[in-house]
Amino acid sequence: MRGHLADYYSRPIEIVDGDGCFLVDAKGKRYLDFIAGWCVGNIGWKRKEVREALQKEAARGIYVPPFLHFAGWEKFAELLVSHAPGKLSRVFRCTSGSEAVEFAVKCARAATGKKFIVSIDGVYHGHTYGAASVGNACSKEMAPCLFEFEKIPMPNEYRGVTAAEVVKKFEKRAREGDIAAFISEPVFTNAGAIVPPADFYPAIADICRKHGILLVMDEVATGFGRCGTLFGSELWGLEPDIICLGKGLTGGYGTMGATLVTEKVYARASGIPWYSTFGWLVTDLAAAQANVEVILRERLWENAREVGAYILEKLKPLEDTPDVGEVRGIGMVLGIEIVRDKQSRAPDFLKAQRFQDRCAERGLLLETAHNTLFITPSLTLTKELADQGIGIISEVLRAG
């Protein structure tokens, strides 16, 4: 059968159902889900609270255009800023994390009058052109990437890149006085669950303040409990000028993003186009509101911190196996880096994909981020279910 969907590399697993931390394919096979939609399904699947909220709003059956008012928008914006770190006070409505990053770039340039955006090489920020250019998704096939986006190296102790040398490069570049913003993820998720050294972001934040550079945290993947705190920025005590949200914002039950900014940034960015046709559809909003309320009520970041630390501890011994270079992570963002050999530490992408597929054969879904087995379960995962996944991963990796 000839397919009509634009799809270059999906895995041959057709999902038809799910519940909690499990997904079910078209053949009836049940999988323990260690992906959660790639940092999306923070509260798990088929939550009653979200289903009821969606049904209630769908019954109303309306669309509210962005140039009119809807009370739910203000209510949700207030909920977000009341729990966000720092002095964030305004929210731009978006349809995705990529669009949230686009808004961040627009706001940064408008608020500062400067044009350059600095990010970390190898960190993902989305697939729209601006987000792809500021991140690592602007492939040679779609080049040229947009201009005035610059990269500094990623601090990665396993790869021998220290925080001190990266900070030094940024400090030198910042002295030129033409940088509008520095943007990064609190934890480098798509790069392979890499946790920056403890002193990295405080030093970056100091440089930003010193040189009038806006600090932008892309919390699309790390927000809403994923890293063991409600927002990943809290790990470093950061007070960003702008935060980008998506993924865990709706838990996969809707299509929404958000860009949170300080009052100062908001006032200076009034000239940017803020219109988003499908930004915060009322049905999506109902789902997102219910999703966030579950996270807050159940304090799911605490379970993420505890169970994530448990998984990390149990997987660490795999560093003794021939194919594993490093096991790392924080909260429910975990990675197992697969290498060709211990001496060279050369990445082995094919081997990582083979391990991923063998886990799926045994009923465990996880993904690869480059040569790293990427583990991001629902924040509701119990230690008992974690043990099932740990057992499968250990069996597969020890078999080689």
# chains A, B, ... in the order shown; residues from 1 in each chain; ligands from 1
>>> select_by_dssp(residues="range 149-390 of chain A", states="helix (DSSP H, G or I)", output="number ranges by chain")
A: 157-159, 163-174, 200-211, 232-236, 247-249, 263-268, 282-298, 300-320, 349-361, 383-390
>>> residues_around(residues="Ala111 in chain A", least_positions_apart="4", cutoff="6 Å", atoms="only C-alpha atoms", output="VMD selection string")
chain A and resid 107 265 268 to 269
>>> atom_distance(atom1="CA of Gly279 in chain A", atom2="CA of Arg109 in chain A")
21.8 Å
>>> residues_around(residues="Met142 in chain A", least_positions_apart="4", cutoff="12 Å", atoms="only C-alpha atoms", output="ChimeraX atom specification")
/A:127-129,132-133,137-138,146
>>> closest_residue(among="A:Asp341, A:Leu334, A:Glu395, A:Arg358", to="Leu318 in chain A", atoms="only C-alpha atoms")
A:Glu395
>>> closest_atom_pairs(of="range 287-326 of chain A", to="range 48-52 of chain A", cutoff="10 Å", atoms="only C-alpha atoms", output="JSON lines")
{"residue": "A:Ala287", "atom": "CA", "partner": "A:Val50", "partner_atom": "CA", "distance": 5.4}
{"residue": "A:Ala288", "atom": "CA", "partner": "A:Val50", "partner_atom": "CA", "distance": 8.1}
{"residue": "A:Gln289", "atom": "CA", "partner": "A:Val50", "partner_atom": "CA", "distance": 8.4}
{"residue": "A:Ala290", "atom": "CA", "partner": "A:Val50", "partner_atom": "CA", "distance": 5.3}
{"residue": "A:Asn291", "atom": "CA", "partner": "A:Val50", "partner_atom": "CA", "distance": 6.3}
{"residue": "A:Val292", "atom": "CA", "partner": "A:Val50", "partner_atom": "CA", "distance": 9.9}
{"residue": "A:Glu293", "atom": "CA", "partner": "A:Glu49", "partner_atom": "CA", "distance": 9.3}
{"residue": "A:Val294", "atom": "CA", "partner": "A:Glu49", "partner_atom": "CA", "distance": 8.0}
>>> write_last_selection(atoms="N, CA and C atoms", output="short mmCIF file (atom, residue, chain, number, x, y, z; two decimals), in the first residue's frame")
data_model
loop_
_atom_site.label_atom_id
_atom_site.label_comp_id
_atom_site.auth_asym_id
_atom_site.auth_seq_id
_atom_site.Cartn_x
_atom_site.Cartn_y
_atom_site.Cartn_z
N ALA A 287 -7.97 21.36 28.32
CA ALA A 287 -7.08 20.23 28.58
C ALA A 287 -5.84 20.67 29.34
N ALA A 288 -5.24 21.79 28.91
CA ALA A 288 -4.02 22.28 29.55
C ALA A 288 -4.29 22.68 31.00
N GLN A 289 -5.41 23.34 31.23
CA GLN A 289 -5.76 23.75 32.59
C GLN A 289 -5.88 22.52 33.50
N ALA A 290 -6.60 21.50 33.04
CA ALA A 290 -6.77 20.28 33.83
C ALA A 290 -5.43 19.58 34.05
N ASN A 291 -4.60 19.54 33.01
CA ASN A 291 -3.28 18.90 33.10
C ASN A 291 -2.40 19.57 34.14
N VAL A 292 -2.29 20.89 34.07
CA VAL A 292 -1.45 21.63 35.01
C VAL A 292 -1.98 21.51 36.43
N GLU A 293 -3.30 21.52 36.58
CA GLU A 293 -3.88 21.38 37.92
C GLU A 293 -3.56 20.03 38.54
N VAL A 294 -3.52 18.97 37.72
CA VAL A 294 -3.13 17.65 38.23
C VAL A 294 -1.68 17.69 38.71
#
>>> closest_atom_pairs(of="range 144-192 of chain A", to="range 99-106 of chain A", cutoff="12 Å", atoms="only C-alpha atoms", output="Markdown table")
| residue | atom | partner | partner_atom | distance |
| --- | --- | --- | --- | --- |
| A:Glu148 | CA | A:Val105 | CA | 11.0 |
| A:Phe149 | CA | A:Val105 | CA | 10.1 |
| A:Ile179 | CA | A:Val105 | CA | 11.5 |
| A:Ala180 | CA | A:Val105 | CA | 8.6 |
| A:Ala181 | CA | A:Val105 | CA | 7.9 |
| A:Phe182 | CA | A:Val105 | CA | 9.8 |
| A:Ile183 | CA | A:Ala104 | CA | 8.9 |
| A:Ser184 | CA | A:Val101 | CA | 10.3 |
| A:Glu185 | CA | A:Val101 | CA | 11.2 |
>>> atom_distance(atom1="CA of Gly232 in chain A", atom2="CA of Leu312 in chain A")
17.8 Å
>>> closest_residue(among="A:Leu385, A:Cys21, A:Leu373, A:Val166", to="Lys46 in chain A", atoms="only C-alpha atoms")
A:Cys21
>>> decode(residues="range 213-233 of chain A", atoms="N, CA, C and O atoms", output="mmCIF file, in the first residue's frame")
data_model
loop_
_atom_site.group_PDB
_atom_site.id
_atom_site.type_symbol
_atom_site.label_atom_id
_atom_site.label_comp_id
_atom_site.auth_asym_id
_atom_site.auth_seq_id
_atom_site.Cartn_x
_atom_site.Cartn_y
_atom_site.Cartn_z
ATOM 1 N N ILE A 213 21.915 41.519 28.636
ATOM 2 C CA ILE A 213 21.460 40.434 27.757
ATOM 3 C C ILE A 213 20.287 39.723 28.435
ATOM 4 O O ILE A 213 20.363 39.388 29.616
ATOM 5 N N LEU A 214 19.219 39.494 27.702
ATOM 6 C CA LEU A 214 18.077 38.795 28.275
ATOM 7 C C LEU A 214 18.390 37.309 28.426
ATOM 8 O O LEU A 214 18.993 36.691 27.544
ATOM 9 N N LEU A 215 17.984 36.746 29.561
ATOM 10 C CA LEU A 215 18.173 35.322 29.824
ATOM 11 C C LEU A 215 16.878 34.595 29.482
ATOM 12 O O LEU A 215 15.836 34.845 30.098
ATOM 13 N N VAL A 216 16.942 33.719 28.482
ATOM 14 C CA VAL A 216 15.771 32.982 28.017
ATOM 15 C C VAL A 216 15.965 31.497 28.328
ATOM 16 O O VAL A 216 16.953 30.893 27.906
ATOM 17 N N MET A 217 15.029 30.928 29.051
ATOM 18 C CA MET A 217 15.067 29.508 29.329
ATOM 19 C C MET A 217 13.990 28.793 28.523
ATOM 20 O O MET A 217 12.796 29.105 28.642
ATOM 21 N N ASP A 218 14.409 27.861 27.688
ATOM 22 C CA ASP A 218 13.498 27.028 26.912
ATOM 23 C C ASP A 218 13.082 25.865 27.799
ATOM 24 O O ASP A 218 13.801 24.879 27.941
ATOM 25 N N GLU A 219 11.894 25.985 28.387
ATOM 26 C CA GLU A 219 11.369 24.961 29.301
ATOM 27 C C GLU A 219 10.295 24.116 28.629
ATOM 28 O O GLU A 219 9.455 23.524 29.302
ATOM 29 N N VAL A 220 10.331 24.065 27.304
ATOM 30 C CA VAL A 220 9.336 23.287 26.577
ATOM 31 C C VAL A 220 9.368 21.821 27.026
ATOM 32 O O VAL A 220 8.333 21.208 27.297
ATOM 33 N N ALA A 221 10.558 21.254 27.123
ATOM 34 C CA ALA A 221 10.696 19.857 27.539
ATOM 35 C C ALA A 221 10.888 19.697 29.043
ATOM 36 O O ALA A 221 10.490 18.690 29.618
ATOM 37 N N THR A 222 11.496 20.681 29.689
ATOM 38 C CA THR A 222 11.868 20.529 31.104
ATOM 39 C C THR A 222 10.813 21.044 32.068
ATOM 40 O O THR A 222 10.882 20.767 33.268
ATOM 41 N N GLY A 223 9.837 21.800 31.583
ATOM 42 C CA GLY A 223 8.852 22.401 32.464
ATOM 43 C C GLY A 223 7.820 21.427 33.001
ATOM 44 O O GLY A 223 7.662 20.310 32.504
ATOM 45 N N PHE A 224 7.126 21.844 34.054
ATOM 46 C CA PHE A 224 6.029 21.111 34.670
ATOM 47 C C PHE A 224 6.458 19.789 35.292
ATOM 48 O O PHE A 224 5.833 18.759 35.113
ATOM 49 N N GLY A 225 7.572 19.873 36.028
ATOM 50 C CA GLY A 225 7.960 18.769 36.897
ATOM 51 C C GLY A 225 8.966 17.796 36.359
ATOM 52 O O GLY A 225 9.454 16.929 37.095
ATOM 53 N N ARG A 226 9.304 17.886 35.098
ATOM 54 C CA ARG A 226 10.145 16.883 34.445
ATOM 55 C C ARG A 226 11.500 16.690 35.122
ATOM 56 O O ARG A 226 11.995 15.558 35.201
ATOM 57 N N CYS A 227 12.119 17.755 35.624
ATOM 58 C CA CYS A 227 13.476 17.668 36.176
ATOM 59 C C CYS A 227 13.510 17.540 37.699
ATOM 60 O O CYS A 227 14.565 17.677 38.314
ATOM 61 N N GLY A 228 12.354 17.285 38.305
ATOM 62 C CA GLY A 228 12.325 17.155 39.758
ATOM 63 C C GLY A 228 12.022 18.452 40.471
ATOM 64 O O GLY A 228 12.002 18.515 41.702
ATOM 65 N N THR A 229 11.807 19.516 39.709
ATOM 66 C CA THR A 229 11.307 20.804 40.191
ATOM 67 C C THR A 229 10.203 21.200 39.220
ATOM 68 O O THR A 229 10.149 20.693 38.095
ATOM 69 N N LEU A 230 9.329 22.116 39.631
ATOM 70 C CA LEU A 230 8.229 22.473 38.734
ATOM 71 C C LEU A 230 8.772 23.012 37.414
ATOM 72 O O LEU A 230 8.291 22.658 36.340
ATOM 73 N N PHE A 231 9.790 23.867 37.500
ATOM 74 C CA PHE A 231 10.494 24.348 36.306
ATOM 75 C C PHE A 231 11.975 24.033 36.456
ATOM 76 O O PHE A 231 12.540 24.174 37.545
ATOM 77 N N GLY A 232 12.606 23.628 35.343
ATOM 78 C CA GLY A 232 14.013 23.281 35.392
ATOM 79 C C GLY A 232 14.900 24.432 35.828
ATOM 80 O O GLY A 232 15.954 24.228 36.435
ATOM 81 N N SER A 233 14.484 25.662 35.551
ATOM 82 C CA SER A 233 15.258 26.842 35.941
ATOM 83 C C SER A 233 15.502 26.898 37.439
ATOM 84 O O SER A 233 16.497 27.459 37.908
#
